[in-house]
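Novice: Got a structure here, written out as structure tokens. Questions coming.
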Amino acid sequence: MQRRRLKLLDARPLSSTVRELTLGAVDGQPLPFRSGQFWNFYLPSSAGELKRSYSLAAAPAEAQDRLQVAVTRVAGGEGSQFLHALALGEELEADGPHGLFMAPPQDVPILFVAAGTGLSPLRAMLQERLPRPQAAPLALLFGCRTPDDLLWGAELRAWVRAQPRFRLEVTLSRPPAGWSGRQGYVQSHVRELVEAWSGPRPQVYICGLSALVQDVRRVLKEELQYDRRAIHSERYD
Ligand SMILES: Cc1cc2nc3c(=O)[nH]c(=O)nc-3n(C[C@H](O)[C@H](O)[C@H](O)COP(=O)(O)OP(=O)(O)OC[C@H]3O[C@@H](n4cnc5c(N)ncnc54)[C@H](O)[C@@H]3O)c2cc1C
């Protein structure tokens, strides 16, 4: 696949460890992708070139021929640290789109499950799906450490207010004193959410680190006898 040169057009912190980057094509040509897919970035490092993948965090209609990604700064991680230090106007090489982690266009109930920047491809799917004239319920179970790690929190809460069919469930692994919401990792809340689901069981879209994806898949298959064709996942490691 042909590499493209991308330029950093915009960047902002989403939390103390996550940076949102918006990149555009230097050649001005379209940057194709579908919600849920990722691009590979080629980054310089002490040991030569690194290839790192990043899920697109905004749906094509929102991104408008730009790629928006959210990058977690990993301790000792050269790729993510490079992207956290990239200055506006600087360039990198990338190719894409890649991946088959995409939701169907049909009006089906979906439970989205993520932690940290695993939210990115699910956010793109939700951005695309929520405005459609569909009725099936959609829910997002999102795990983060503290309330400050709630990525795109204002947008998620606006969706809850505007879309009666969308439900947001946040669980904190390090809740502050006085927090009355869900606590612990996402995997401990999946069973209850599926069992309480009204109507046909949802398709489940899971994204994040392998430990989370494996645990959620295990709960669905072993505790809830889920059909594996109703489980869709993307792993970051
Ligand atoms: C399909 C795909 C999509 C991805 N999309 C994203 C994305 O949208 N945002 C993103 O931040 N990363 C994403 N990643 C991970 C990304 O490609 C890099 O692995 C990550 O940025 C770490 O690279 P590094 O060179 O800094 O660290 P490395 O030295 O390569 O360290 C890798 C280790 O970092 C940890 N790690 C990787 N990703 C994360 C993360 N997101 N949060 C916490 N710990 C992590 C894992 O334990 C992994 O073993 C994706 C990976 C894949 C395969």
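Chain lettering (A, B, ...) mirrors the order of the structure tokens, residue numbering begins at 1 for each chain separately, and ligand numbering begins at 1 in order of display.
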Can you list every residue in stretch 21-166 of chain A that DSSP puts in helix (DSSP H, G or I), as a ChimeraX atom specification?

Specialist: /A:60-63,78-85,116-129,147-149,153-162

Novice: Can you work out which residues are within 7 Å of ligand 1, considering only C-alpha atoms and all ligand atoms, and then hand them over as a ChimeraX atom specification?

Specialist: /A:38,52-56,69-74,76-81,116-118,120,208-209,234-237

Novice: Would you save the residues from that selection as a short mmCIF file (atom, residue, chain, number, x, y, z; two decimals), in the first residue's frame, using C-alpha atoms?

Specialist:
```cif
data_model
loop_
_atom_site.label_atom_id
_atom_site.label_comp_id
_atom_site.auth_asym_id
_atom_site.auth_seq_id
_atom_site.Cartn_x
_atom_site.Cartn_y
_atom_site.Cartn_z
CA PHE A 38 -7.15 2.32 11.53
CA ARG A 52 2.37 1.92 14.93
CA SER A 53 -1.36 1.62 14.28
CA TYR A 54 -3.99 4.18 15.32
CA SER A 55 -7.75 3.85 15.10
CA LEU A 56 -9.60 6.78 13.56
CA VAL A 69 -6.60 9.94 16.39
CA ALA A 70 -6.25 9.82 20.18
CA VAL A 71 -2.90 8.58 21.44
CA THR A 72 -2.22 7.30 24.95
CA ARG A 73 1.29 8.20 26.14
CA VAL A 74 2.82 4.84 27.10
CA GLY A 76 8.89 4.14 27.74
CA GLY A 77 6.94 3.91 24.48
CA GLU A 78 8.85 5.63 21.67
CA GLY A 79 5.98 5.78 19.18
CA SER A 80 3.41 7.34 21.48
CA GLN A 81 5.97 9.73 22.96
CA GLY A 116 -8.99 4.35 27.44
CA THR A 117 -8.27 5.14 23.81
CA GLY A 118 -10.06 1.92 22.87
CA SER A 120 -11.66 5.87 19.42
CA GLY A 208 -8.78 -1.95 23.95
CA LEU A 209 -5.84 -3.89 25.32
CA GLU A 234 -10.07 -4.92 18.07
CA ARG A 235 -6.91 -5.33 20.19
CA TYR A 236 -4.28 -2.65 20.64
CA ASP A 237 -1.46 -4.98 21.84
#
```

Novice: Would you mind listing what lies within 10 Å of A:Arg12 as number ranges by chain, with only C-alpha atoms counted and same-chain residues fewer than 2 positions away left out?

Specialist: A: 10, 14-15, 18-22, 70, 84

Novice: Export N, CA, C and O atoms of the chosen residues as a PDB file, in the first residue's frame?

Specialist:
```pdb
ATOM      1  N   ASP A  10      -3.795  19.984  13.891  1.00  0.00           N
ATOM      2  CA  ASP A  10      -4.377  20.424  15.161  1.00  0.00           C
ATOM      3  C   ASP A  10      -4.080  19.377  16.224  1.00  0.00           C
ATOM      4  O   ASP A  10      -3.958  18.195  15.898  1.00  0.00           O
ATOM      5  N   LEU A  14      -6.689  15.440  25.664  1.00  0.00           N
ATOM      6  CA  LEU A  14      -8.015  14.970  26.097  1.00  0.00           C
ATOM      7  C   LEU A  14      -8.008  14.590  27.565  1.00  0.00           C
ATOM      8  O   LEU A  14      -9.066  14.502  28.189  1.00  0.00           O
ATOM      9  N   SER A  15      -6.805  14.305  28.093  1.00  0.00           N
ATOM     10  CA  SER A  15      -6.628  13.983  29.513  1.00  0.00           C
ATOM     11  C   SER A  15      -5.137  14.163  29.790  1.00  0.00           C
ATOM     12  O   SER A  15      -4.388  14.574  28.905  1.00  0.00           O
ATOM     13  N   VAL A  18      -3.593  11.446  27.333  1.00  0.00           N
ATOM     14  CA  VAL A  18      -4.092  11.212  25.966  1.00  0.00           C
ATOM     15  C   VAL A  18      -4.090  12.525  25.168  1.00  0.00           C
ATOM     16  O   VAL A  18      -4.602  13.543  25.623  1.00  0.00           O
ATOM     17  N   ARG A  19      -3.502  12.456  23.979  1.00  0.00           N
ATOM     18  CA  ARG A  19      -3.463  13.616  23.088  1.00  0.00           C
ATOM     19  C   ARG A  19      -4.254  13.304  21.822  1.00  0.00           C
ATOM     20  O   ARG A  19      -4.049  12.256  21.208  1.00  0.00           O
ATOM     21  N   GLU A  20      -5.144  14.221  21.467  1.00  0.00           N
ATOM     22  CA  GLU A  20      -5.897  14.098  20.213  1.00  0.00           C
ATOM     23  C   GLU A  20      -5.117  14.831  19.115  1.00  0.00           C
ATOM     24  O   GLU A  20      -4.700  15.974  19.316  1.00  0.00           O
ATOM     25  N   LEU A  21      -4.924  14.159  17.986  1.00  0.00           N
ATOM     26  CA  LEU A  21      -4.203  14.755  16.861  1.00  0.00           C
ATOM     27  C   LEU A  21      -5.087  14.720  15.617  1.00  0.00           C
ATOM     28  O   LEU A  21      -5.747  13.711  15.357  1.00  0.00           O
ATOM     29  N   THR A  22      -5.074  15.812  14.863  1.00  0.00           N
ATOM     30  CA  THR A  22      -5.796  15.860  13.595  1.00  0.00           C
ATOM     31  C   THR A  22      -4.779  16.095  12.489  1.00  0.00           C
ATOM     32  O   THR A  22      -4.016  17.068  12.533  1.00  0.00           O
ATOM     33  N   ALA A  70      -6.521   9.507  18.771  1.00  0.00           N
ATOM     34  CA  ALA A  70      -6.252   9.819  20.183  1.00  0.00           C
ATOM     35  C   ALA A  70      -5.172   8.857  20.639  1.00  0.00           C
ATOM     36  O   ALA A  70      -5.332   7.639  20.522  1.00  0.00           O
ATOM     37  N   HIS A  84       3.183  12.461  20.971  1.00  0.00           N
ATOM     38  CA  HIS A  84       2.833  13.482  21.973  1.00  0.00           C
ATOM     39  C   HIS A  84       3.703  14.725  21.823  1.00  0.00           C
ATOM     40  O   HIS A  84       3.302  15.808  22.242  1.00  0.00           O
TER      41      HIS A  84
END
```

Novice: Could you please determine the separation between atom CA of A:Glu222 and atom CA of A:Pro105 in Å, to one decimal place?

Specialist: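 Going from atom CA of A:Glu222 over to atom CA of A:Pro105 covers 28.2 Å.
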
Novice: Enter the distance from atom CA of A:Gln64 to atom CA of A:Met125, in Å, rounded to one decimal.

Specialist: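 Distance reported for this atom pair: 15.2 Å.
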
Novice: Which residue is closest to A:Pro164? Choose from A:Thr146, A:Gln134, A:Ser16, A:Gln187 and count only C-alpha atoms.

Specialist: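 Of all the options, A:Gln134 lies closest to A:Pro164.
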
Novice: List the spatial neighbours of A:Ala230 as a PyMOL selection string - criterion: any atom at most 10 Å away, only C-alpha atoms, same-chain residues fewer than 2 positions off excluded.

Specialist: chain A and resi 110+201-205+220+226-228+232

Novice: As number ranges by chain, please: every residue in stretch 60-226 of chain A that DSSP puts in strand (DSSP E).

Specialist: A: 66-72, 91-98, 110-115, 138-144, 166-172, 182-183, 203-208

Novice: Determine, counting only C-alpha atoms, which protein, DNA and RNA residues have an atom within 12 Å of an atom of A:Pro137; residues of the same chain fewer than 3 positions away are not included. Present the result as a list in words.

Specialist: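 Listing them by chain and then by number gives Asp107, Val108, Pro109, Ile110, Leu111, Phe112, Leu126, Arg129, Leu130, Pro133, Gln134, Leu140, Val160, Gln163, Pro164, Arg165, Phe166, Arg167, Leu168, Trp197, Ser198, Gly199, Pro200, Arg201, Pro202 and Gln203 of chain A.
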